[in-house]
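Novice: Next up, structure_13.tsv (TSV, C-alpha atoms).
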chain	number	residue	atom	x	y	z
A	1	MET	CA	-42.83	4.46	16.36
A	2	SER	CA	-44.13	7.81	17.45
A	3	GLU	CA	-42.09	10.73	18.69
A	4	ASN	CA	-43.13	12.71	21.76
A	5	PRO	CA	-44.03	16.25	20.81
A	6	ALA	CA	-41.38	18.78	21.78
A	7	PRO	CA	-42.00	22.39	22.81
A	8	GLU	CA	-42.02	24.76	19.87
A	9	GLY	CA	-38.52	25.53	18.60
A	10	ARG	CA	-36.94	22.61	20.45
A	11	LEU	CA	-36.05	19.20	19.08
A	12	SER	CA	-37.60	16.00	20.42
A	13	ALA	CA	-35.17	13.35	21.70
A	14	ALA	CA	-35.50	11.37	18.46
A	15	GLN	CA	-35.03	14.48	16.33
A	16	ALA	CA	-32.00	15.51	18.38
A	17	GLY	CA	-30.55	12.00	17.95
A	18	ARG	CA	-30.96	12.19	14.20
A	19	ALA	CA	-29.39	15.64	14.05
A	20	SER	CA	-26.41	14.75	16.27
A	21	ARG	CA	-22.99	14.59	14.62
A	22	PRO	CA	-20.58	11.76	15.51
A	23	ARG	CA	-17.08	12.56	16.73
A	24	ASN	CA	-15.57	11.60	13.36
A	25	ALA	CA	-18.00	13.64	11.22
A	26	ARG	CA	-15.18	15.84	9.86
A	27	ASN	CA	-13.35	12.71	8.67
A	28	TRP	CA	-16.07	11.96	6.12
A	29	ALA	CA	-16.51	13.78	2.82
A	30	THR	CA	-19.71	15.74	2.44
A	31	LYS	CA	-22.25	14.34	0.03
A	32	VAL	CA	-21.77	14.97	-3.68
A	33	ASP	CA	-24.01	13.81	-6.51
A	34	ARG	CA	-21.44	14.27	-9.24
A	35	LEU	CA	-17.72	14.94	-9.16
A	36	SER	CA	-16.28	18.31	-10.04
A	37	VAL	CA	-12.65	19.04	-10.87
A	38	ASP	CA	-11.08	22.41	-9.95
A	39	SER	CA	-8.04	22.32	-12.19
A	40	GLY	CA	-7.94	21.65	-15.94
A	41	GLY	CA	-8.23	18.11	-17.28
A	42	GLY	CA	-10.50	15.71	-15.50
A	43	LEU	CA	-11.26	13.58	-18.54
A	44	ASN	CA	-13.58	10.79	-17.35
A	45	VAL	CA	-13.95	12.38	-13.90
A	46	ALA	CA	-15.82	15.70	-14.07
A	47	GLY	CA	-19.58	15.15	-13.91
A	48	ARG	CA	-19.25	11.44	-13.11
A	49	ARG	CA	-21.09	9.74	-10.25
A	50	LEU	CA	-19.25	7.77	-7.59
A	51	THR	CA	-19.52	3.98	-7.67
A	52	GLY	CA	-19.14	1.55	-4.79
A	53	PRO	CA	-18.97	-2.25	-4.81
A	54	VAL	CA	-22.78	-2.36	-4.80
A	55	GLN	CA	-22.91	-0.66	-8.22
A	56	GLY	CA	-20.25	-2.64	-10.10
A	57	PHE	CA	-20.70	-5.43	-12.64
A	58	GLY	CA	-18.22	-8.24	-12.00
A	59	ARG	CA	-17.43	-10.57	-9.17
A	60	MET	CA	-16.76	-8.85	-5.85
A	61	TRP	CA	-13.23	-9.19	-4.53
A	62	ARG	CA	-11.59	-8.20	-1.28
A	63	LYS	CA	-7.85	-7.87	-1.82
A	64	THR	CA	-5.62	-7.18	1.16
A	65	TYR	CA	-1.92	-6.28	0.94
A	66	TRP	CA	0.09	-5.66	4.07
A	67	ILE	CA	3.56	-5.11	5.46
A	68	GLU	CA	4.88	-5.21	8.98
A	69	LEU	CA	7.16	-2.44	10.17
A	70	SER	CA	9.04	-1.69	13.35
A	71	PRO	CA	6.76	-0.63	16.23
A	72	ASP	CA	8.94	2.48	16.52
A	73	ILE	CA	7.04	3.82	13.51
A	74	SER	CA	3.64	4.95	14.77
A	75	PRO	CA	0.48	4.29	12.74
A	76	SER	CA	-0.26	8.02	12.59
A	77	ALA	CA	3.24	8.73	11.21
A	78	VAL	CA	2.69	6.10	8.50
A	79	ILE	CA	-0.64	7.55	7.44
A	80	ALA	CA	0.62	11.16	7.55
A	81	THR	CA	3.48	10.22	5.19
A	82	TRP	CA	1.19	8.20	2.93
A	83	LYS	CA	-1.49	10.91	2.66
A	84	GLY	CA	1.09	13.62	2.15
A	85	HIS	CA	3.10	11.92	-0.60
A	86	PHE	CA	0.59	9.46	-2.02
A	87	GLY	CA	1.60	9.59	-5.68
A	88	GLU	CA	5.32	9.35	-4.93
A	89	PHE	CA	4.94	5.69	-3.96
A	90	TRP	CA	3.25	4.69	-7.19
A	91	PRO	CA	5.05	2.71	-9.91
A	92	LYS	CA	6.83	5.06	-12.32
A	93	ALA	CA	4.57	4.32	-15.32
A	94	SER	CA	1.51	5.74	-13.51
A	95	ARG	CA	0.81	9.30	-12.42
A	96	PHE	CA	-1.29	10.61	-9.57
A	97	LYS	CA	-2.29	14.27	-9.65
A	98	GLY	CA	-3.68	15.05	-6.23
A	99	PRO	CA	-3.76	18.11	-4.02
A	100	LEU	CA	-0.42	19.69	-3.21
A	101	THR	CA	-0.97	19.13	0.49
A	102	SER	CA	-2.19	16.01	2.27
A	103	LEU	CA	-5.26	14.14	1.01
A	104	SER	CA	-8.42	15.34	2.75
A	105	PRO	CA	-12.05	14.18	2.71
A	106	GLY	CA	-13.82	15.39	-0.42
A	107	ASP	CA	-10.64	15.83	-2.50
A	108	VAL	CA	-10.69	14.60	-6.09
A	109	ALA	CA	-7.40	13.35	-7.54
A	110	LEU	CA	-6.74	12.61	-11.21
A	111	LEU	CA	-4.97	9.44	-12.29
A	112	ASP	CA	-3.14	8.50	-15.45
A	113	VAL	CA	-2.49	4.79	-15.24
A	114	SER	CA	-0.58	2.52	-17.60
A	115	VAL	CA	-2.69	-0.58	-18.20
A	116	GLY	CA	-0.24	-2.37	-20.48
A	117	GLY	CA	0.22	-2.65	-24.23
A	118	GLY	CA	0.88	1.07	-24.45
A	119	VAL	CA	-2.69	1.82	-23.39
A	120	ARG	CA	-3.21	4.50	-20.74
A	121	LEU	CA	-6.26	5.15	-18.63
A	122	SER	CA	-7.28	8.63	-17.48
A	123	THR	CA	-9.55	8.45	-14.46
A	124	GLY	CA	-9.71	9.69	-10.87
A	125	VAL	CA	-10.55	8.94	-7.27
A	126	PHE	CA	-12.52	10.67	-4.52
A	127	VAL	CA	-11.32	10.83	-0.91
A	128	LEU	CA	-14.30	9.39	0.95
A	129	TYR	CA	-12.82	9.22	4.45
A	130	ALA	CA	-9.59	10.24	6.17
A	131	ASP	CA	-8.51	10.11	9.79
A	132	GLU	CA	-5.12	9.81	11.52
A	133	GLU	CA	-4.83	6.06	11.01
A	134	SER	CA	-6.69	5.39	7.77
A	135	PHE	CA	-8.08	6.89	4.60
A	136	THR	CA	-10.41	5.58	1.91
A	137	LEU	CA	-10.70	6.35	-1.79
A	138	MET	CA	-13.82	5.75	-3.89
A	139	THR	CA	-13.92	5.41	-7.66
A	140	PRO	CA	-16.09	7.18	-10.28
A	141	GLN	CA	-18.16	5.72	-13.13
A	142	GLY	CA	-15.91	4.40	-15.88
A	143	HIS	CA	-13.03	3.47	-13.56
A	144	MET	CA	-11.67	-0.08	-13.89
A	145	PHE	CA	-13.57	-1.07	-10.80
A	146	ALA	CA	-16.38	0.18	-8.64
A	147	GLY	CA	-15.24	0.16	-5.06
A	148	TRP	CA	-13.26	1.49	-2.17
A	149	ILE	CA	-9.57	1.31	-1.35
A	150	THR	CA	-8.77	1.70	2.33
A	151	PHE	CA	-5.23	2.41	3.51
A	152	SER	CA	-4.64	1.89	7.21
A	153	ALA	CA	-1.99	1.38	9.85
A	154	GLU	CA	-2.32	-0.06	13.33
A	155	ARG	CA	-0.29	-1.55	16.14
A	156	SER	CA	-0.56	-5.33	15.98
A	157	GLY	CA	1.40	-7.17	18.66
A	158	SER	CA	5.03	-6.16	18.32
A	159	VAL	CA	4.76	-4.58	14.87
A	160	THR	CA	3.08	-1.72	13.06
A	161	ARG	CA	0.89	-3.32	10.41
A	162	VAL	CA	0.33	-1.23	7.29
A	163	GLN	CA	-2.44	-2.33	4.96
A	164	THR	CA	-4.13	-1.60	1.65
A	165	GLN	CA	-7.53	-3.21	1.23
A	166	VAL	CA	-9.48	-3.05	-2.02
A	167	LEU	CA	-13.18	-3.96	-2.03
A	168	MET	CA	-14.20	-3.99	-5.67
A	169	ARG	CA	-16.20	-5.23	-8.61
A	170	ALA	CA	-15.07	-4.63	-12.21
A	171	ASN	CA	-17.25	-1.80	-13.47
A	172	ASP	CA	-18.42	-3.39	-16.73
A	173	PRO	CA	-18.06	-6.56	-18.85
A	174	LEU	CA	-14.98	-5.25	-20.72
A	175	TYR	CA	-13.13	-4.57	-17.47
A	176	GLU	CA	-14.27	-7.92	-16.05
A	177	LEU	CA	-12.70	-9.65	-19.04
A	178	ALA	CA	-9.55	-7.52	-18.73
A	179	MET	CA	-9.26	-8.34	-15.02
A	180	ALA	CA	-9.55	-12.07	-15.75
A	181	CYS	CA	-6.93	-11.79	-18.53
A	182	GLY	CA	-4.11	-10.46	-16.38
A	183	GLY	CA	-5.70	-7.38	-14.83
A	184	HIS	CA	-5.82	-8.89	-11.34
A	185	HIS	CA	-2.15	-9.84	-11.57
A	186	LYS	CA	-1.25	-6.36	-12.76
A	187	GLU	CA	-3.19	-4.79	-9.93
A	188	ASP	CA	-1.45	-7.06	-7.41
A	189	GLN	CA	1.91	-5.94	-8.79
A	190	PHE	CA	0.82	-2.30	-8.59
A	191	TRP	CA	0.05	-2.47	-4.88
A	192	VAL	CA	3.08	-4.60	-4.05
A	193	GLN	CA	5.33	-2.00	-5.72
A	194	THR	CA	3.49	0.84	-3.99
A	195	MET	CA	3.78	-0.70	-0.54
A	196	THR	CA	7.42	-1.62	-1.10
A	197	ALA	CA	8.16	2.01	-1.96
A	198	LEU	CA	6.28	3.19	1.12
A	199	ALA	CA	8.21	0.77	3.32
A	200	GLN	CA	11.51	2.01	1.86
A	201	ARG	CA	10.56	5.60	2.74
A	202	LEU	CA	9.51	4.69	6.29
A	203	SER	CA	12.07	2.11	7.27
A	204	ALA	CA	15.64	1.15	6.48
A	205	ALA	CA	14.77	-2.53	6.82
A	206	PRO	CA	13.26	-4.21	3.74
A	207	ALA	CA	9.61	-5.23	4.07
A	208	VAL	CA	7.90	-8.20	2.48
A	209	VAL	CA	4.45	-7.45	1.08
A	210	GLN	CA	1.95	-10.16	1.91
A	211	ALA	CA	-1.34	-10.53	0.09
A	212	ARG	CA	-4.66	-12.27	0.48
A	213	THR	CA	-7.50	-12.29	-2.05
A	214	VAL	CA	-11.05	-13.37	-1.23
A	215	CYS	CA	-13.96	-13.61	-3.66
A	216	VAL	CA	-16.79	-12.09	-1.62
A	217	ASP	CA	-19.46	-12.58	-4.27
A	218	ARG	CA	-19.15	-14.81	-7.33
A	219	ARG	CA	-22.27	-13.41	-8.99
A	220	ARG	CA	-22.03	-10.91	-11.81
A	221	GLN	CA	-24.56	-8.09	-11.83
A	222	TRP	CA	-25.75	-8.22	-15.43
A	223	GLY	CA	-28.19	-5.40	-14.78
A	224	ASN	CA	-25.13	-3.12	-14.63
A	225	ALA	CA	-23.59	-4.30	-17.92
A	226	GLY	CA	-24.64	-1.04	-19.60
A	227	GLN	CA	-22.00	0.79	-17.57
A	228	VAL	CA	-19.65	-0.07	-20.41
A	229	TRP	CA	-20.89	3.20	-21.96
A	230	HIS	CA	-18.81	5.08	-19.35
A	231	ASN	CA	-15.70	2.90	-19.78
A	232	SER	CA	-12.79	5.30	-19.24
A	233	MET	CA	-10.25	3.13	-21.04
A	234	VAL	CA	-12.31	3.15	-24.25
A	235	ARG	CA	-12.99	6.86	-23.85
A	236	THR	CA	-9.31	7.63	-23.21
A	237	VAL	CA	-8.30	5.78	-26.39
A	238	VAL	CA	-11.06	7.47	-28.43
A	239	HIS	CA	-10.06	10.87	-27.02
A	240	SER	CA	-6.36	10.27	-27.87
A	241	VAL	CA	-7.15	9.16	-31.43
A	242	ALA	CA	-9.56	12.08	-31.99
A	243	SER	CA	-6.95	14.57	-30.69
A	244	ALA	CA	-4.28	13.11	-32.97
A	245	LEU	CA	-6.60	13.30	-36.00
A	246	ALA	CA	-7.57	16.88	-35.18
A	247	ARG	CA	-3.89	17.86	-35.01
A	248	LYS	CA	-3.24	16.17	-38.38
A	249	ARG	CA	-6.14	17.99	-40.05
A	250	GLN	CA	-4.87	21.42	-39.03
A	251	PRO	CA	-3.39	23.13	-42.12
A	252	ALA	CA	0.39	23.24	-42.21
A	253	PRO	CA	1.85	26.75	-41.71
A	254	ARG	CA	2.54	28.53	-45.04
A	255	PRO	CA	6.16	29.08	-45.96
A	256	ARG	CA	7.16	32.75	-45.81
B	1	MET	CA	-5.80	-5.69	15.45
B	2	ASP	CA	-8.21	-3.12	16.84
B	3	LYS	CA	-10.72	-4.57	19.24
B	4	SER	CA	-14.37	-4.11	18.44
B	5	THR	CA	-16.33	-1.92	20.83
B	6	ALA	CA	-19.62	-2.48	19.06
B	7	GLY	CA	-22.49	-4.39	20.64
B	8	MET	CA	-24.85	-6.43	18.45
B	9	GLU	CA	-28.04	-7.95	19.82
B	10	VAL	CA	-30.58	-9.94	17.85
B	11	ARG	CA	-34.30	-10.03	18.50
B	12	MET	CA	-37.21	-11.46	16.53
B	13	ALA	CA	-39.55	-8.58	15.71
B	14	ASP	CA	-42.18	-10.85	14.18
B	15	SER	CA	-42.35	-14.36	12.74
B	16	LEU	CA	-40.42	-13.35	9.62
B	17	SER	CA	-38.15	-10.50	10.64
B	18	SER	CA	-35.18	-10.06	12.93
B	19	VAL	CA	-33.77	-6.80	14.21
B	20	ILE	CA	-30.06	-6.43	14.96
B	21	ASP	CA	-29.55	-3.63	17.51
B	22	ILE	CA	-26.16	-2.05	16.89
B	23	ARG	CA	-24.48	-0.03	19.62
B	24	GLY	CA	-21.16	1.76	20.03
B	25	ASP	CA	-18.34	2.09	17.51
B	26	VAL	CA	-18.61	0.15	14.26
B	27	THR	CA	-15.33	-0.53	12.44
B	28	ALA	CA	-13.90	-3.40	10.40
B	29	ALA	CA	-13.09	-5.06	13.74
B	30	SER	CA	-16.85	-5.40	14.35
B	31	GLU	CA	-17.21	-7.92	11.51
B	32	PRO	CA	-17.11	-11.11	13.64
B	33	ALA	CA	-19.78	-9.70	15.99
B	34	LEU	CA	-22.03	-8.61	13.12
B	35	MET	CA	-21.66	-11.90	11.26
B	36	ALA	CA	-22.42	-13.83	14.45
B	37	ALA	CA	-25.56	-11.70	14.89
B	38	TYR	CA	-26.49	-12.39	11.27
B	39	GLU	CA	-26.04	-16.15	11.76
B	40	GLU	CA	-28.21	-16.00	14.88
B	41	ALA	CA	-30.94	-14.11	13.01
B	42	SER	CA	-30.81	-16.64	10.15
B	43	ARG	CA	-31.01	-19.52	12.65
B	44	GLN	CA	-34.15	-17.92	14.05
B	45	GLY	CA	-35.61	-18.13	10.55
B	46	ALA	CA	-35.49	-14.44	9.64
B	47	ARG	CA	-36.63	-13.75	6.09
B	48	ARG	CA	-36.02	-10.02	6.51
B	49	LEU	CA	-33.22	-8.31	8.41
B	50	VAL	CA	-33.46	-4.89	9.97
B	51	LEU	CA	-30.42	-3.05	11.32
B	52	ASN	CA	-31.17	-0.64	14.16
B	53	PHE	CA	-28.53	2.11	14.24
B	54	SER	CA	-30.14	4.16	17.03
B	55	GLY	CA	-27.28	3.28	19.38
B	56	LEU	CA	-24.51	3.88	16.84
B	57	GLU	CA	-21.90	6.29	18.12
B	58	TYR	CA	-19.26	6.14	15.43
B	59	MET	CA	-18.61	4.34	12.16
B	60	ASN	CA	-15.56	4.58	9.90
B	61	SER	CA	-15.07	3.43	6.32
B	62	GLY	CA	-14.12	-0.07	7.54
B	63	GLY	CA	-17.58	-0.30	9.10
B	64	ILE	CA	-19.22	0.64	5.82
B	65	GLY	CA	-17.18	-2.04	4.03
B	66	MET	CA	-18.36	-4.61	6.54
B	67	LEU	CA	-21.99	-3.75	5.75
B	68	VAL	CA	-21.31	-4.61	2.09
B	69	THR	CA	-20.12	-8.07	3.15
B	70	LEU	CA	-23.32	-8.50	5.19
B	71	LEU	CA	-25.38	-7.34	2.24
B	72	VAL	CA	-23.79	-9.95	-0.05
B	73	ARG	CA	-24.50	-12.73	2.45
B	74	ALA	CA	-28.10	-11.60	2.92
B	75	ASN	CA	-28.66	-11.31	-0.84
B	76	ARG	CA	-27.37	-14.84	-1.30
B	77	LYS	CA	-30.17	-16.07	0.98
B	78	HIS	CA	-32.75	-13.68	-0.52
B	79	GLN	CA	-33.10	-11.80	2.76
B	80	PRO	CA	-33.90	-8.12	2.17
B	81	LEU	CA	-31.85	-5.76	4.35
B	82	ALA	CA	-33.28	-2.58	5.87
B	83	ALA	CA	-32.00	0.00	8.34
B	84	TYR	CA	-33.42	2.66	10.64
B	85	GLY	CA	-32.21	4.94	13.42
B	86	LEU	CA	-29.46	6.51	11.31
B	87	SER	CA	-28.53	10.07	12.21
B	88	ASP	CA	-28.72	12.66	9.45
B	89	HIS	CA	-24.95	12.43	9.13
B	90	TYR	CA	-24.85	8.67	8.56
B	91	ARG	CA	-27.90	8.82	6.31
B	92	GLU	CA	-25.82	11.13	4.10
B	93	ILE	CA	-22.92	8.69	4.24
B	94	PHE	CA	-25.21	5.89	3.07
B	95	GLU	CA	-26.28	8.15	0.18
B	96	LEU	CA	-22.71	9.21	-0.64
B	97	THR	CA	-21.49	5.61	-0.74
B	98	ARG	CA	-24.71	4.60	-2.53
B	99	LEU	CA	-25.38	1.88	0.03
B	100	ASP	CA	-28.91	3.29	0.25
B	101	GLU	CA	-29.55	1.79	-3.21
B	102	ALA	CA	-29.24	-1.70	-1.72
B	103	ILE	CA	-30.24	-1.23	1.92
B	104	GLY	CA	-33.64	0.37	2.46
B	105	ILE	CA	-33.42	3.31	4.88
B	106	TYR	CA	-36.42	4.03	7.09
B	107	ASP	CA	-37.31	6.51	9.83
B	108	ASP	CA	-38.43	3.95	12.41
B	109	GLU	CA	-38.71	0.26	13.18
B	110	LEU	CA	-42.33	-0.17	12.13
B	111	SER	CA	-41.64	1.26	8.67
B	112	ALA	CA	-38.48	-0.82	8.33
B	113	LEU	CA	-40.35	-4.00	9.20
B	114	ALA	CA	-43.20	-3.16	6.83
B	115	GLY	CA	-40.66	-2.50	4.05
Render the structure in this file as structure tokens.
Specialist:
Amino acid sequence: MSENPAPEGRLSAAQAGRASRPRNARNWATKVDRLSVDSGGGLNVAGRRLTGPVQGFGRMWRKTYWIELSPDISPSAVIATWKGHFGEFWPKASRFKGPLTSLSPGDVALLDVSVGGGVRLSTGVFVLYADEESFTLMTPQGHMFAGWITFSAERSGSVTRVQTQVLMRANDPLYELAMACGGHHKEDQFWVQTMTALAQRLSAAPAVVQARTVCVDRRRQWGNAGQVWHNSMVRTVVHSVASALARKRQPAPRPR
Amino acid sequence: MDKSTAGMEVRMADSLSSVIDIRGDVTAASEPALMAAYEEASRQGARRLVLNFSGLEYMNSGGIGMLVTLLVRANRKHQPLAAYGLSDHYREIFELTRLDEAIGIYDDELSALAG
């Protein structure tokens, strides 16, 4: 297709269309090639690339968890509370170190997640999108899964429906095995506990978390098996062992 | 649920390729309309699918997620997926989400059809 020439210094219609910004442009993060972390820490996050469900290794899953609240609670009030206190709703064994204020597009938050058996995973998430009624997190290389987690709230009939939806593939063969050996169940429990805590904050009435899991793609992407090199769980364990050994090797202080 | 305000129209561009013209606001609620358009294109015998985003006004992260579902379905049938008409903003979003690694992005329809 050809574009009509425009007078010098002015954009053609096609050029102007390409340059136009949609009304939700500020809700999207600006493009980054690799993640940077402002504060200290950031093991397995700083310098990592983002990964979506296209880049992962394992089967692709869409997991949806939802609760229904009173319509007196507006969707924007739900999302404002969720974005502003995100880590407070997590199960106690896991820590979320995000910005002090509400989550905003482009923010990077650090996670320290208990994965069972005394093993902890240091990783992070990137805020890809945030508006008044939803926000989406994207994971970096080495995270348990490559994908997006979208949190949203909307009016649905006579209720306010609050939802977490995870679109994911395990990032490498080790994680795929771990997910099959109880990881999926553990993740389900994680989001059920999180949404129960959110419901308790928002409403006096107890809420039942409902869940639906769909396998979107049964194929495994063996071309991405090499991503195991970035595996954050392995790296966290190696880092912890190396730190402990380094502390042990330090000479004991001399008695005075 | 939110109602979809997106319009999806299918047209055969040549004997092997179909173009889906996407207009309006694309969100997760647009999934039934997009999947119906995909089914129509497949019924017409499309071996290659081209998404025309020239009429796109707005897309949120739910819309991006829906494109992944379409991509999986197209891959299953070995139908390459291409796109054109993206504004600079949405082209950046495709790069940020790394969807551009699976969906070829082109400047215009002719290039998208040629692949």
Novice: For chain A, report every residue with an atom at most 9 Å from chain B (counting all atoms listed in the file), formatted as a PyMOL selection string.
Specialist: chain A and resi 1-2+14-25+27-33+50-55+128-131+134-136+138+148+150+154-157+161+167+216-217
Novice: Which distance in Å separates CA of Thr139 (chain A) and CA of Gly124 (chain A), to one decimal?
Specialist: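 Separating CA of Thr139 (chain A) from CA of Gly124 (chain A) is a distance of 6.8 Å.
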Novice: Between CA of Ala41 (chain B) and CA of Gln221 (chain A), what is the distance, to one decimal in Å?
Specialist: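 CA of Gln221 (chain A) lies at a distance of 26.3 Å from CA of Ala41 (chain B).
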Novice: Between CA of Asp25 (chain B) and CA of Gly63 (chain B), what is the distance in Å, rounded to a tenth?
Specialist: 8.8 Å
Novice: Which of these, A:Ala146, A:Lys186, A:Arg201, A:Val214, has the shortest distance to Gly56 (chain A) once you count all atoms listed in the file?
Specialist: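 That would be A:Ala146, the residue with the smallest distance to Gly56 (chain A).
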Novice: Of the residues B:Ile22, B:Ala6, B:Gln79, B:Leu34, which is the one nearest to Phe53 (chain B), using only C-alpha atoms?
Specialist: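 That would be B:Ile22, the residue with the smallest distance to Phe53 (chain B).
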Novice: For a quick check of your reading of the model, name the residues lying within 12 Å of the coordinate (-15.5, -10.3, -16.8), counting all atoms listed in the file, and write them as an NGL selection string.
Specialist: :A and (56-60 or 144-145 or 169-184 or 218-222 or 225 or 228)
Novice: My list of candidates is B:Leu81, B:Ala33, B:Gly104, B:Ala112. Which is closest to Ala13 (chain B) when distances are computed with all atoms listed in the file?
Specialist: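 Closest to Ala13 (chain B) of all the choices is B:Ala112.
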Novice: Find the residues near Ala46 (chain A): any atom within 9 Å, counting only C-alpha atoms, skip ones fewer than 2 places away on the same chain, and give them as a ChimeraX atom specification.
Specialist: /A:34-37,41-44,48-49
Novice: Could you list as a count of residues only every residue that has an atom within 6 Å of (-34.3, -7.7, 7.2), using the file's coordinates and counting only C-alpha atoms?
Specialist: 7
Novice: Which residues, written as an mmCIF file with C-alpha atoms, in the frame of the given file, have at least one atom at most 10 Å from Gly45 (chain B), with only C-alpha atoms counted and residues fewer than 3 positions away on the same chain left out?
Specialist:
data_model
loop_
_atom_site.group_PDB
_atom_site.id
_atom_site.type_symbol
_atom_site.label_atom_id
_atom_site.label_comp_id
_atom_site.auth_asym_id
_atom_site.auth_seq_id
_atom_site.Cartn_x
_atom_site.Cartn_y
_atom_site.Cartn_z
ATOM 1 C CA MET B 12 -37.210 -11.460 16.530
ATOM 2 C CA SER B 15 -42.350 -14.360 12.740
ATOM 3 C CA LEU B 16 -40.420 -13.350 9.620
ATOM 4 C CA SER B 17 -38.150 -10.500 10.640
ATOM 5 C CA SER B 18 -35.180 -10.060 12.930
ATOM 6 C CA GLU B 39 -26.040 -16.150 11.760
ATOM 7 C CA GLU B 40 -28.210 -16.000 14.880
ATOM 8 C CA ALA B 41 -30.940 -14.110 13.010
ATOM 9 C CA SER B 42 -30.810 -16.640 10.150
ATOM 10 C CA ARG B 48 -36.020 -10.020 6.510
#
Novice: Given only C-alpha atoms as the basis, pick out the residue of B:Ile64, B:Met35, B:Val19, B:Leu113 nearest to Gly147 (chain A).
Specialist: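 Smallest distance to Gly147 (chain A) is found for B:Ile64.
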Novice: For region 66-71 of chain A, please output as a PyMOL selection string all residues within 10 Å (counting only C-alpha atoms; exclusion window: fewer than 2 positions along the same chain).
Specialist: chain A and resi 64+73-75+78+151-165+191-192+195-196+198-199+202-212
Novice: Taking into account all atoms listed in the file, which residue in the set B:Glu31, B:Ala46, B:Ala37, B:Gly7 is nearest to Lys77 (chain B)?
Specialist: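 Between B:Glu31, B:Ala46, B:Ala37, B:Gly7, the residue approaching Lys77 (chain B) most closely is B:Ala46.
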Novice: Name the residues in contact with Arg235 (chain A) at a cut-off of 12 Å, using only C-alpha atoms, excluding same-chain residues fewer than 5 positions from it; report them as a PDB file with C-alpha atoms, keeping the file's coordinate frame.
Specialist:
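In the end it all went to selection-v4.pdb:
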ATOM      1  CA  LEU A  43     -11.260  13.580 -18.540  1.00  0.00           C
ATOM      2  CA  ASN A  44     -13.580  10.790 -17.350  1.00  0.00           C
ATOM      3  CA  VAL A  45     -13.950  12.380 -13.900  1.00  0.00           C
ATOM      4  CA  VAL A 119      -2.690   1.820 -23.390  1.00  0.00           C
ATOM      5  CA  ARG A 120      -3.210   4.500 -20.740  1.00  0.00           C
ATOM      6  CA  LEU A 121      -6.260   5.150 -18.630  1.00  0.00           C
ATOM      7  CA  SER A 122      -7.280   8.630 -17.480  1.00  0.00           C
ATOM      8  CA  THR A 123      -9.550   8.450 -14.460  1.00  0.00           C
ATOM      9  CA  GLN A 141     -18.160   5.720 -13.130  1.00  0.00           C
ATOM     10  CA  GLY A 142     -15.910   4.400 -15.880  1.00  0.00           C
ATOM     11  CA  HIS A 143     -13.030   3.470 -13.560  1.00  0.00           C
ATOM     12  CA  VAL A 228     -19.650  -0.070 -20.410  1.00  0.00           C
ATOM     13  CA  TRP A 229     -20.890   3.200 -21.960  1.00  0.00           C
ATOM     14  CA  HIS A 230     -18.810   5.080 -19.350  1.00  0.00           C
ATOM     15  CA  SER A 240      -6.360  10.270 -27.870  1.00  0.00           C
ATOM     16  CA  VAL A 241      -7.150   9.160 -31.430  1.00  0.00           C
ATOM     17  CA  ALA A 242      -9.560  12.080 -31.990  1.00  0.00           C
ATOM     18  CA  SER A 243      -6.950  14.570 -30.690  1.00  0.00           C
TER      19      SER A 243
END
Novice: Could you pull the residues within 8 Å of region 81-98 of chain A, counting only C-alpha atoms, minus those fewer than 6 positions along the same chain, as a PyMOL selection string?
Specialist: chain A and resi 107-114+135+190+193-195+197-198
Novice: Please rebuild region 9-18 of chain B with N, CA and C atoms and return the result as an mmCIF file, in the frame of the given file.
Specialist:
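Contents of the output file rebuild09.cif:
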data_model
loop_
_atom_site.group_PDB
_atom_site.id
_atom_site.type_symbol
_atom_site.label_atom_id
_atom_site.label_comp_id
_atom_site.auth_asym_id
_atom_site.auth_seq_id
_atom_site.Cartn_x
_atom_site.Cartn_y
_atom_site.Cartn_z
ATOM 1 N N GLU B 9 -27.052 -7.044 19.219
ATOM 2 C CA GLU B 9 -28.040 -7.950 19.820
ATOM 3 C C GLU B 9 -29.134 -8.241 18.828
ATOM 4 N N VAL B 10 -29.572 -9.509 18.823
ATOM 5 C CA VAL B 10 -30.580 -9.940 17.850
ATOM 6 C C VAL B 10 -31.898 -10.180 18.566
ATOM 7 N N ARG B 11 -32.964 -9.718 17.967
ATOM 8 C CA ARG B 11 -34.300 -10.030 18.500
ATOM 9 C C ARG B 11 -35.256 -10.262 17.340
ATOM 10 N N MET B 12 -36.181 -11.199 17.538
ATOM 11 C CA MET B 12 -37.210 -11.460 16.530
ATOM 12 C C MET B 12 -38.282 -10.384 16.684
ATOM 13 N N ALA B 13 -38.526 -9.627 15.631
ATOM 14 C CA ALA B 13 -39.550 -8.580 15.710
ATOM 15 C C ALA B 13 -40.922 -9.157 15.393
ATOM 16 N N ASP B 14 -40.962 -10.100 14.471
ATOM 17 C CA ASP B 14 -42.180 -10.850 14.180
ATOM 18 C C ASP B 14 -41.754 -12.201 13.631
ATOM 19 N N SER B 15 -42.694 -12.983 13.126
ATOM 20 C CA SER B 15 -42.350 -14.360 12.740
ATOM 21 C C SER B 15 -41.375 -14.418 11.558
ATOM 22 N N LEU B 16 -41.264 -13.322 10.822
ATOM 23 C CA LEU B 16 -40.420 -13.350 9.620
ATOM 24 C C LEU B 16 -39.200 -12.434 9.686
ATOM 25 N N SER B 17 -39.184 -11.538 10.653
ATOM 26 C CA SER B 17 -38.150 -10.500 10.640
ATOM 27 C C SER B 17 -37.345 -10.470 11.933
ATOM 28 N N SER B 18 -36.048 -10.253 11.766
ATOM 29 C CA SER B 18 -35.180 -10.060 12.930
ATOM 30 C C SER B 18 -34.584 -8.667 12.888
#
